[in-house]
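S.K.: So I've got this file, coords.tsv, and it contains TSV, C-alpha atoms and all ligand atoms:
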chain	number	residue	atom	x	y	z
F	342	MET	CA	-110.87	-141.39	-143.91
F	343	SER	CA	-108.64	-139.36	-141.59
F	344	HIS	CA	-106.37	-140.73	-138.90
F	345	SER	CA	-107.71	-141.18	-135.38
F	346	ASN	CA	-106.45	-142.40	-132.01
F	347	ILE	CA	-108.14	-144.35	-129.27
F	348	SER	CA	-106.35	-142.55	-126.45
F	349	ILE	CA	-105.65	-144.19	-123.13
F	350	PHE	CA	-103.96	-142.08	-120.48
F	351	VAL	CA	-101.34	-143.50	-118.16
F	352	PRO	CA	-100.85	-140.43	-115.97
F	353	HIS	CA	-97.42	-139.99	-114.42
F	354	LYS	CA	-97.42	-143.66	-113.50
F	355	GLY	CA	-93.85	-144.85	-113.16
F	356	CYS	CA	-92.28	-141.55	-114.07
F	357	PRO	CA	-89.15	-141.00	-112.01
F	358	ASN	CA	-89.08	-137.28	-112.81
F	359	ASP	CA	-90.66	-134.07	-111.79
F	360	CYS	CA	-90.32	-131.80	-114.79
F	361	SER	CA	-90.78	-128.10	-114.14
F	362	PHE	CA	-93.95	-127.85	-116.23
F	363	CYS	CA	-95.58	-131.19	-115.49
F	364	ASN	CA	-98.71	-131.87	-113.63
F	365	GLN	CA	-99.82	-135.07	-115.30
F	366	ARG	CA	-102.95	-135.30	-113.23
F	367	VAL	CA	-104.10	-132.04	-114.78
F	368	ILE	CA	-102.92	-132.72	-118.31
F	369	SER	CA	-104.46	-136.15	-118.53
F	370	GLY	CA	-107.55	-135.04	-116.60
F	371	GLN	CA	-107.67	-138.11	-114.41
F	372	THR	CA	-105.81	-139.62	-111.46
F	373	VAL	CA	-106.67	-143.30	-111.66
F	374	PRO	CA	-104.20	-145.36	-113.71
F	375	ALA	CA	-105.69	-147.03	-116.78
F	376	THR	CA	-106.34	-150.77	-116.51
F	377	PRO	CA	-106.53	-153.47	-119.21
F	378	GLU	CA	-110.34	-153.23	-118.79
F	379	ASP	CA	-110.13	-149.51	-119.61
F	380	VAL	CA	-108.27	-150.42	-122.81
F	381	GLU	CA	-110.99	-152.93	-123.69
F	382	ASN	CA	-113.79	-150.44	-122.94
F	383	ALA	CA	-112.12	-147.64	-124.91
F	384	VAL	CA	-111.68	-149.87	-127.95
F	385	LYS	CA	-115.21	-151.27	-127.76
F	386	THR	CA	-116.66	-147.76	-127.47
F	387	ALA	CA	-114.64	-146.63	-130.50
F	388	ILE	CA	-115.84	-149.64	-132.50
F	389	LYS	CA	-119.44	-148.81	-131.54
F	390	HIS	CA	-118.84	-145.33	-132.93
F	391	ASN	CA	-117.73	-146.88	-136.23
F	392	VAL	CA	-114.06	-145.88	-136.23
F	393	ASN	CA	-112.23	-147.35	-139.17
F	394	PRO	CA	-109.60	-149.67	-137.61
F	395	LYS	CA	-107.30	-149.28	-140.61
F	396	ASP	CA	-106.90	-145.58	-139.82
F	397	THR	CA	-106.93	-145.88	-136.05
F	398	GLU	CA	-104.15	-146.39	-133.52
F	399	ILE	CA	-104.55	-147.48	-129.92
F	400	ALA	CA	-102.47	-144.82	-128.18
F	401	PHE	CA	-101.01	-144.74	-124.66
F	402	PHE	CA	-100.32	-141.15	-123.68
F	403	GLY	CA	-99.66	-139.12	-120.61
F	404	GLY	CA	-96.72	-140.71	-118.85
F	405	SER	CA	-93.45	-142.46	-119.50
F	406	PHE	CA	-94.87	-145.64	-120.89
F	407	THR	CA	-91.63	-147.63	-121.03
F	408	ALA	CA	-90.72	-146.61	-117.48
F	409	ILE	CA	-93.82	-148.04	-115.85
F	410	GLU	CA	-93.65	-151.31	-114.00
F	411	ARG	CA	-93.02	-153.99	-116.65
F	412	GLU	CA	-95.88	-156.29	-115.65
F	413	TYR	CA	-98.34	-153.40	-115.74
F	414	MET	CA	-97.00	-152.16	-119.08
F	415	CYS	CA	-97.33	-155.63	-120.61
F	416	SER	CA	-100.87	-156.05	-119.25
F	417	LEU	CA	-101.93	-152.87	-121.10
F	418	LEU	CA	-100.15	-153.97	-124.25
F	419	THR	CA	-101.70	-157.45	-124.09
F	420	ALA	CA	-105.16	-155.87	-123.97
F	421	ALA	CA	-104.32	-153.60	-126.91
F	422	LYS	CA	-102.72	-156.37	-128.98
F	423	HIS	CA	-105.83	-158.54	-128.59
F	424	PHE	CA	-107.86	-155.90	-130.47
F	425	LEU	CA	-105.04	-155.16	-132.87
F	426	ASP	CA	-105.09	-158.80	-133.99
F	427	ILE	CA	-108.88	-159.16	-134.17
F	428	HIS	CA	-109.83	-155.85	-135.76
F	429	LYS	CA	-106.64	-155.07	-137.65
F	430	PHE	CA	-106.11	-151.62	-136.16
F	431	LYS	CA	-103.35	-149.54	-137.75
F	432	GLY	CA	-101.11	-150.02	-134.73
F	433	ILE	CA	-100.25	-149.11	-131.16
F	434	ARG	CA	-98.66	-145.76	-130.29
F	435	VAL	CA	-96.86	-145.03	-127.03
F	436	SER	CA	-95.14	-141.95	-125.63
F	437	THR	CA	-92.14	-142.00	-123.35
F	438	ARG	CA	-88.90	-140.33	-122.26
F	439	PRO	CA	-85.69	-140.48	-124.32
F	440	ASP	CA	-83.74	-142.04	-121.44
F	441	CYS	CA	-86.25	-144.88	-121.11
F	442	ILE	CA	-85.44	-146.40	-124.49
F	443	ASP	CA	-83.01	-149.26	-125.05
F	444	ASP	CA	-82.72	-152.41	-127.19
F	445	GLU	CA	-84.47	-154.59	-124.66
F	446	VAL	CA	-87.59	-152.47	-124.25
F	447	LEU	CA	-87.85	-151.87	-127.99
F	448	SER	CA	-87.84	-155.63	-128.57
F	449	VAL	CA	-90.67	-156.00	-126.04
F	450	LEU	CA	-92.69	-153.22	-127.71
F	451	LYS	CA	-92.15	-154.81	-131.11
F	452	SER	CA	-93.43	-158.18	-129.87
F	453	TYR	CA	-96.72	-156.55	-128.78
F	454	GLY	CA	-97.30	-154.87	-132.13
F	455	VAL	CA	-96.33	-151.31	-131.14
F	456	THR	CA	-95.81	-149.31	-134.33
F	457	ALA	CA	-95.10	-145.74	-133.25
F	458	ILE	CA	-93.07	-144.27	-130.39
F	459	GLU	CA	-93.17	-140.63	-129.38
F	460	LEU	CA	-90.39	-139.12	-127.31
F	461	GLY	CA	-90.75	-136.04	-125.15
F	462	ALA	CA	-87.63	-134.22	-126.33
F	463	GLN	CA	-88.94	-130.79	-125.22
F	464	SER	CA	-85.62	-129.01	-125.91
F	465	MET	CA	-82.32	-129.84	-127.57
F	466	ASP	CA	-80.47	-127.36	-125.37
F	467	ASP	CA	-78.88	-129.10	-122.37
F	468	ASP	CA	-79.07	-125.99	-120.17
F	469	VAL	CA	-82.79	-125.69	-120.81
F	470	LEU	CA	-83.32	-129.41	-120.17
F	471	SER	CA	-81.44	-129.17	-116.90
F	472	ALA	CA	-83.18	-125.94	-115.76
F	473	ASN	CA	-86.51	-127.67	-116.29
F	474	HIS	CA	-85.50	-130.84	-114.42
F	475	ARG	CA	-85.93	-133.10	-117.43
F	476	GLY	CA	-83.28	-135.54	-116.22
F	477	HIS	CA	-82.02	-136.36	-119.73
F	478	SER	CA	-79.77	-134.72	-122.28
F	479	ALA	CA	-80.13	-133.74	-125.92
F	480	GLU	CA	-77.77	-136.62	-126.71
F	481	ASP	CA	-80.30	-139.02	-125.12
F	482	VAL	CA	-82.87	-137.73	-127.63
F	483	ARG	CA	-80.47	-138.34	-130.55
F	484	ARG	CA	-79.51	-141.82	-129.33
F	485	ALA	CA	-83.10	-142.93	-128.61
F	486	SER	CA	-84.39	-141.49	-131.91
F	487	LYS	CA	-81.81	-143.41	-133.90
F	488	LEU	CA	-82.54	-146.65	-132.05
F	489	ILE	CA	-86.30	-146.27	-132.57
F	490	LYS	CA	-85.79	-145.76	-136.30
F	491	ASP	CA	-83.29	-148.65	-136.50
F	492	TYR	CA	-85.97	-150.93	-135.05
F	493	GLY	CA	-88.40	-149.78	-137.73
F	494	PHE	CA	-90.85	-147.89	-135.49
F	495	GLU	CA	-92.49	-144.66	-136.57
F	496	LEU	CA	-90.75	-141.87	-134.63
F	497	GLY	CA	-92.59	-138.93	-133.07
F	498	LEU	CA	-90.83	-136.09	-131.26
F	499	GLN	CA	-92.43	-133.58	-128.96
F	500	MET	CA	-90.95	-130.14	-128.33
F	501	MET	CA	-91.91	-127.25	-126.09
F	502	THR	CA	-91.40	-123.54	-126.64
F	503	GLY	CA	-90.97	-120.86	-124.00
F	504	LEU	CA	-89.58	-123.07	-121.22
F	505	TYR	CA	-87.65	-121.62	-118.29
F	506	LYS	CA	-84.21	-120.40	-119.46
F	507	SER	CA	-85.19	-120.79	-123.09
F	508	ASP	CA	-85.92	-118.17	-125.72
F	509	PHE	CA	-87.04	-118.16	-129.34
F	510	SER	CA	-83.51	-118.64	-130.68
F	511	LYS	CA	-82.97	-121.73	-128.47
F	512	ASP	CA	-86.40	-123.04	-129.49
F	513	LEU	CA	-85.48	-122.48	-133.14
F	514	PHE	CA	-82.28	-124.46	-132.56
F	515	THR	CA	-84.39	-127.27	-131.04
F	516	ALA	CA	-86.62	-127.37	-134.10
F	517	LYS	CA	-83.59	-127.51	-136.41
F	518	GLU	CA	-82.03	-130.33	-134.38
F	519	ILE	CA	-85.32	-132.23	-134.45
F	520	ILE	CA	-85.51	-131.88	-138.23
F	521	LYS	CA	-82.03	-133.45	-138.44
F	522	LEU	CA	-83.40	-136.53	-136.62
F	523	LYS	CA	-86.03	-136.97	-139.38
F	524	PRO	CA	-89.03	-137.87	-137.21
F	525	ASP	CA	-92.27	-138.88	-138.93
F	526	THR	CA	-94.33	-136.64	-136.68
F	527	VAL	CA	-93.85	-133.72	-134.31
F	528	ARG	CA	-95.94	-132.17	-131.57
F	529	ILE	CA	-95.27	-128.58	-130.57
F	530	TYR	CA	-96.40	-127.44	-127.15
F	531	PRO	CA	-95.92	-123.79	-126.19
F	532	THR	CA	-95.43	-123.80	-122.42
F	533	VAL	CA	-98.54	-123.53	-120.27
F	534	VAL	CA	-97.86	-122.84	-116.59
F	535	LEU	CA	-100.04	-125.05	-114.40
F	536	LYS	CA	-100.79	-124.67	-110.71
F	537	THR	CA	-98.52	-126.60	-108.30
F	538	THR	CA	-95.67	-126.97	-110.81
F	539	HIS	CA	-92.12	-125.66	-110.41
F	540	LEU	CA	-92.78	-123.17	-113.21
F	541	ALA	CA	-95.72	-121.79	-111.22
F	542	TYR	CA	-93.35	-121.34	-108.28
F	543	LEU	CA	-90.75	-119.59	-110.47
F	544	GLN	CA	-93.45	-117.37	-111.89
F	545	GLY	CA	-94.66	-116.58	-108.37
F	546	ILE	CA	-91.24	-115.34	-107.25
F	547	GLY	CA	-90.80	-113.30	-110.44
F	548	GLU	CA	-88.04	-115.51	-111.85
F	549	TYR	CA	-89.93	-116.63	-114.96
F	550	THR	CA	-92.61	-115.35	-117.27
F	551	ALA	CA	-93.87	-117.71	-119.95
F	552	PRO	CA	-94.68	-116.24	-123.36
F	553	THR	CA	-98.42	-115.81	-123.91
F	554	ALA	CA	-100.38	-117.45	-126.74
F	555	GLU	CA	-100.16	-114.18	-128.67
F	556	ASP	CA	-96.37	-114.01	-128.12
F	557	SER	CA	-95.96	-117.63	-129.21
F	558	ALA	CA	-98.30	-117.84	-132.20
F	559	SER	CA	-96.20	-116.08	-134.86
F	560	PHE	CA	-93.09	-117.97	-133.74
F	561	CYS	CA	-94.89	-121.34	-133.72
F	562	ALA	CA	-96.25	-120.46	-137.18
F	563	GLU	CA	-92.63	-120.22	-138.29
F	564	LEU	CA	-91.86	-123.64	-136.76
F	565	LEU	CA	-94.94	-125.14	-138.42
F	566	GLN	CA	-93.72	-123.92	-141.80
F	567	MET	CA	-90.22	-125.29	-141.17
F	568	PHE	CA	-91.57	-128.75	-140.37
F	569	ASN	CA	-93.99	-128.62	-143.33
F	570	GLU	CA	-91.14	-127.73	-145.68
F	571	ASN	CA	-89.21	-130.76	-144.39
F	572	ASN	CA	-92.23	-133.07	-144.87
F	573	ILE	CA	-92.54	-133.66	-141.14
F	574	LYS	CA	-96.15	-133.81	-140.06
F	575	VAL	CA	-97.04	-131.56	-137.10
F	576	ILE	CA	-99.79	-133.63	-135.50
F	577	LYS	CA	-100.36	-131.29	-132.58
F	578	LEU	CA	-99.78	-127.60	-132.00
F	579	GLY	CA	-100.78	-126.42	-128.51
F	580	LEU	CA	-102.28	-128.33	-125.60
F	581	HIS	CA	-105.66	-130.02	-126.02
F	582	SER	CA	-108.45	-127.72	-124.98
F	583	SER	CA	-109.79	-129.02	-121.71
F	584	GLU	CA	-111.63	-127.62	-118.74
F	585	THR	CA	-108.99	-128.93	-116.33
F	586	VAL	CA	-106.16	-127.16	-118.12
F	587	GLU	CA	-108.20	-123.98	-118.37
F	588	SER	CA	-108.97	-124.00	-114.65
F	589	ASP	CA	-105.42	-124.94	-113.56
F	590	MET	CA	-103.39	-122.67	-115.81
F	591	VAL	CA	-101.76	-119.70	-114.18
F	592	GLY	CA	-99.72	-118.44	-117.12
F	593	GLY	CA	-98.25	-119.19	-120.50
F	594	ALA	CA	-99.57	-119.92	-123.94
F	595	TYR	CA	-102.89	-121.69	-123.70
F	596	HIS	CA	-105.43	-120.95	-126.41
F	597	PRO	CA	-108.30	-123.32	-127.25
F	598	ALA	CA	-107.61	-122.97	-130.99
F	599	PHE	CA	-103.86	-122.35	-130.94
F	600	ARG	CA	-103.14	-124.12	-134.22
F	601	GLU	CA	-105.72	-122.04	-136.02
F	602	LEU	CA	-104.13	-118.91	-134.56
F	603	CYS	CA	-100.73	-119.99	-135.97
F	604	GLU	CA	-102.18	-120.94	-139.34
F	605	GLY	CA	-103.87	-117.53	-139.46
F	606	TYR	CA	-100.42	-115.94	-139.12
F	607	ILE	CA	-99.12	-118.02	-142.01
F	608	TYR	CA	-102.02	-116.89	-144.20
F	609	LEU	CA	-101.45	-113.25	-143.30
F	610	GLN	CA	-97.79	-113.59	-144.18
F	611	LYS	CA	-98.57	-115.28	-147.52
F	612	ILE	CA	-101.18	-112.64	-148.39
F	613	LEU	CA	-98.76	-109.81	-147.57
F	614	GLU	CA	-96.06	-111.45	-149.71
F	615	LYS	CA	-98.51	-111.51	-152.64
F	616	LEU	CA	-99.53	-107.90	-152.06
F	617	ASP	CA	-95.94	-106.71	-151.80
F	618	GLY	CA	-95.34	-103.95	-154.34
F	619	LYS	CA	-99.02	-103.61	-155.26
F	620	ASP	CA	-100.67	-100.20	-155.01
F	621	LYS	CA	-103.11	-99.38	-152.25
F	622	ILE	CA	-105.55	-97.54	-154.49
F	623	HIS	CA	-107.17	-100.62	-156.02
F	624	GLU	CA	-109.25	-103.25	-154.30
F	625	TYR	CA	-108.09	-106.88	-154.36
F	626	THR	CA	-109.80	-110.23	-154.01
F	627	ILE	CA	-107.67	-112.72	-152.12
F	628	PHE	CA	-108.50	-116.35	-152.94
F	629	VAL	CA	-107.65	-119.18	-150.56
F	630	GLY	CA	-108.81	-122.80	-150.33
F	631	LYS	CA	-112.49	-123.04	-149.35
F	632	LYS	CA	-111.79	-124.89	-146.12
F	633	ALA	CA	-109.17	-122.33	-145.11
F	634	LEU	CA	-111.39	-119.27	-145.38
F	635	SER	CA	-111.82	-118.66	-141.66
F	636	LYS	CA	-108.09	-119.18	-141.00
F	637	ALA	CA	-107.21	-116.76	-143.81
F	638	LYS	CA	-109.55	-114.13	-142.39
F	639	GLY	CA	-108.02	-114.74	-138.98
F	640	GLN	CA	-109.65	-115.17	-135.60
F	641	GLN	CA	-112.11	-112.31	-135.04
F	642	LYS	CA	-111.16	-111.24	-138.57
F	643	ARG	CA	-107.76	-110.09	-137.34
F	644	ASN	CA	-106.11	-110.65	-140.74
F	645	GLU	CA	-108.73	-108.59	-142.53
F	646	LYS	CA	-108.19	-105.84	-139.96
F	647	ALA	CA	-104.39	-106.10	-140.28
F	648	LEU	CA	-104.62	-105.73	-144.08
F	649	LYS	CA	-106.89	-102.71	-143.66
F	650	ASN	CA	-104.48	-101.18	-141.14
F	651	GLN	CA	-101.73	-101.51	-143.73
F	652	GLY	CA	-103.86	-99.58	-146.20
F	653	PHE	CA	-104.99	-102.50	-148.40
F	654	HIS	CA	-108.61	-102.88	-149.53
F	655	CYS	CA	-109.16	-106.63	-149.74
F	656	ILE	CA	-111.96	-109.16	-149.83
F	657	ILE	CA	-110.93	-112.71	-148.83
F	658	LYS	CA	-112.82	-115.50	-150.59
F	659	GLY	CA	-112.71	-119.30	-150.67
F	660	LYS	CA	-112.03	-121.09	-153.97
F	661	GLU	CA	-111.93	-124.73	-155.04
F	662	ASN	CA	-108.67	-126.50	-155.85
F	663	LEU	CA	-106.26	-124.33	-153.90
F	664	GLU	CA	-103.65	-126.07	-151.76
F	665	GLU	CA	-103.13	-125.43	-148.08
F	666	PHE	CA	-101.55	-121.98	-147.67
F	667	GLU	CA	-101.88	-121.26	-151.40
F	668	VAL	CA	-103.00	-117.68	-151.98
F	669	LYS	CA	-104.08	-115.96	-155.23
F	670	VAL	CA	-104.56	-112.24	-155.53
F	671	VAL	CA	-106.74	-110.67	-158.22
F	672	GLU	CA	-107.11	-106.93	-158.71
F	673	ASN	CA	-110.77	-105.90	-158.83
F	674	LYS	CA	-111.54	-103.78	-161.91
Z	1	LIG	S1	-91.14	-137.12	-117.75
Z	1	LIG	FE1	-93.19	-136.74	-118.51
Z	1	LIG	S2	-94.59	-137.58	-116.98
Z	1	LIG	FE2	-92.56	-137.43	-116.04
Z	1	LIG	S3	-92.60	-135.49	-114.95
Z	1	LIG	FE3	-91.69	-135.13	-116.96
Z	1	LIG	S4	-93.37	-134.55	-118.32
Z	1	LIG	FE4	-94.25	-135.45	-116.43
Could I get this file's structure written as structure tokens?
Ligand code: SF4
M.R.:
Amino acid sequence: MSHSNISIFVPHKGCPNDCSFCNQRVISGQTVPATPEDVENAVKTAIKHNVNPKDTEIAFFGGSFTAIEREYMCSLLTAAKHFLDIHKFKGIRVSTRPDCIDDEVLSVLKSYGVTAIELGAQSMDDDVLSANHRGHSAEDVRRASKLIKDYGFELGLQMMTGLYKSDFSKDLFTAKEIIKLKPDTVRIYPTVVLKTTHLAYLQGIGEYTAPTAEDSASFCAELLQMFNENNIKVIKLGLHSSETVESDMVGGAYHPAFRELCEGYIYLQKILEKLDGKDKIHEYTIFVGKKALSKAKGQQKRNEKALKNQGFHCIIKGKENLEEFEVKVVENK
């Protein structure tokens, strides 16, 4: 059974910041703050749909959870803990800012059964953090990450690519710094410019252009491979597809199947590595794992077309017992 979350959004509530890219109302798709009753309803609905509690976390996303008013925070946690105790859910996951983590709040989270904490690191370059009004430093991310691990929580780190004043080399540095912090999970969000944000303003005056999904995909594919090689699970790559994001985006790297786009790049790269040095007279069958067939062919068969453009005659087929990103090439006689 695969992992799942019962997601409860706490949009912008309590957040003291106004990050350049953030429009929490749009990202979380709602404006009304979640209540303990919402937690109860979300859990009951999930149970009705037969989620397996052992593989399911109750997750508070969307704001700076540890910065919200303490009484409100505890009321949400009380509601979640009630179900945690009765149904033995895997745990409670919260997301917050690096500068809203200290010993005291971690002790409170522990007492309510929180198991995983995700930090919005976004960048490990202080100039980029400052240009995007994050209100914390890279050192805050290091300090908070260490504390979270010392308390025995699962650590998740979120990073963004293509922010204002960043570039691929700064984003690569961020990924390398994140790897040093040894998080259990990572989320990678290529920047999407939303209406009414500071980034939209900067874009409007010609001061900033966010990389598109096409610009970002091959780079994010590289990041995905780096995290995979370091056994760090990338649990999200690209913003959730949602009508609100689609209607409010005015630039940047939104694609409804961004991860698949990145994974397609990885397959193309692996296939080309295997074909390196082979002649272009013969035809080849490329075998990949059965479930990965559409990714290996690429969206709208772009990988098949790319191989053809490079002069290779290939047929891509699915095969049992091949690992993710494993590729076998056989020359057709
Ligand atoms: S800290 Fe989070 S919720 Fe607050 S403005 Fe920044 S991105 Fe939005």
S.K.: Rank F:Arg434, F:His428, F:Arg475, F:His423 by their smallest atom-to-atom distance to ligand LIG 1 (chain Z), using all atoms listed in the file, and report the top residue only.
M.R.: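 That would be F:Arg475, the residue with the smallest distance to ligand LIG 1 (chain Z).
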S.K.: Within 12 Å of ligand LIG 1 (chain Z), counting all atoms listed in the file, which protein or nucleic acid residues do you find, written as an MDAnalysis selection string?
M.R.: chainID F and resid 350:369 402:409 436:441 459:463 470:471 473:477 499:501 530 532 538:539
S.K.: For segment 573-586 of chain F, please output as a list in words all residues within 7 Å (counting all atoms listed in the file; exclusion window: fewer than 5 positions along the same chain).
M.R.: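 Close residues of segment 573-586 of chain F: Val367, Ile368, Gly370, Pro524, Asp525, Thr526, Val527, Arg528, Ile529, Tyr530, Pro531, Leu565, Phe568, Tyr595, Pro597, Phe599 and Arg600 of chain F.
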S.K.: Just the number, please: distance in Å from atom CA of Ala633 of chain F to atom CA of Ala554 of chain F, one decimal.
M.R.: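 Distance between the two atoms: 20.9 Å.
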S.K.: List the spatial neighbours of Ile627 of chain F as a list in words - criterion: any atom at most 6 Å away, only C-alpha atoms, same-chain residues fewer than 6 positions off excluded.
M.R.: Ile657, Lys669 and Val670 of chain F
S.K.: Using all atoms listed in the file, pick whichever of F:Glu661, F:Ile458, F:Met414, F:Lys395 has the shortest atom-to-atom distance to Ile427 of chain F.
M.R.: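 Going through F:Glu661, F:Ile458, F:Met414, F:Lys395 one by one, the smallest distance to Ile427 of chain F is for F:Lys395.
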S.K.: Between F:Val482, F:Ile612, F:Tyr492, F:Leu535, which is the closest to Glu645 of chain F once you count all atoms listed in the file?
M.R.: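 Smallest separation from Glu645 of chain F among the options: F:Ile612.
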S.K.: Calculated over all atoms listed in the file, which of the candidates F:Asn571, F:Asn346, F:Gln640, F:Ser464 has the smallest distance to Glu480 of chain F?
M.R.: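 Closest to Glu480 of chain F, using all atoms listed in the file: F:Ser464.
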S.K.: Axis-aligned box over every listed atom of segment 399-415 of chain F, padded by 5 Å per side: centre and edges in Å to one decimal, as AutoDock Vina command-line options?
M.R.:
--center_x -97.6 --center_y -147.7 --center_z -122.0 --size_x 23.8 --size_y 27.2 --size_z 25.9
S.K.: Suppose you want the space between atom CA of Lys632 of chain F and atom CA of Glu667 of chain F; what is it in Å?
M.R.: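 Taking atom CA of Lys632 of chain F and atom CA of Glu667 of chain F, their separation equals 11.8 Å.
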S.K.: Figure out the distance between atom CA of Val591 of chain F and atom CA of Thr537 of chain F, please, to one decimal in Å.
M.R.: 9.6 Å
S.K.: Give me the residues near segment 388-391 of chain F as a PyMOL selection string, where near means some atom within 12 Å (using all atoms listed in the file) and where sequence neighbours in that chain fewer than 6 positions away do not count.
M.R.: chain F and resi 342+345-347+381-382+397+399+424+427-430
S.K.: Quick one: of F:Phe494, F:Glu624, F:Phe514, F:Tyr453, who's nearest to Lys674 of chain F, counting all atoms listed in the file?
M.R.: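 So, comparing all the options, the nearest one is F:Glu624.
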S.K.: My list of candidates is F:Val533, F:Asp466, F:Lys631, F:Phe401. Which is closest to Ala479 of chain F when distances are computed with all atoms listed in the file?
M.R.: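 Smallest distance to Ala479 of chain F is found for F:Asp466.
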S.K.: For the point (-85.4, -135.8, -136.3) in the file's frame, write as a compact mmCIF listing (two decimals) with C-alpha atoms, in the frame of the given file all residues with an atom no more than 9 Å away, counting all atoms listed in the file.
M.R.:
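Written out: selection14.txt:
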# COMPACT_ATOMS: atom_id res chain seq x y z
CA ARG F 483 -80.47 -138.34 -130.55
CA SER F 486 -84.39 -141.49 -131.91
CA LYS F 487 -81.81 -143.41 -133.90
CA LEU F 496 -90.75 -141.87 -134.63
CA GLY F 497 -92.59 -138.93 -133.07
CA LEU F 498 -90.83 -136.09 -131.26
CA ALA F 516 -86.62 -127.37 -134.10
CA LYS F 517 -83.59 -127.51 -136.41
CA GLU F 518 -82.03 -130.33 -134.38
CA ILE F 519 -85.32 -132.23 -134.45
CA ILE F 520 -85.51 -131.88 -138.23
CA LYS F 521 -82.03 -133.45 -138.44
CA LEU F 522 -83.40 -136.53 -136.62
CA LYS F 523 -86.03 -136.97 -139.38
CA PRO F 524 -89.03 -137.87 -137.21
CA ASP F 525 -92.27 -138.88 -138.93
CA THR F 526 -94.33 -136.64 -136.68
CA VAL F 527 -93.85 -133.72 -134.31
CA ILE F 573 -92.54 -133.66 -141.14
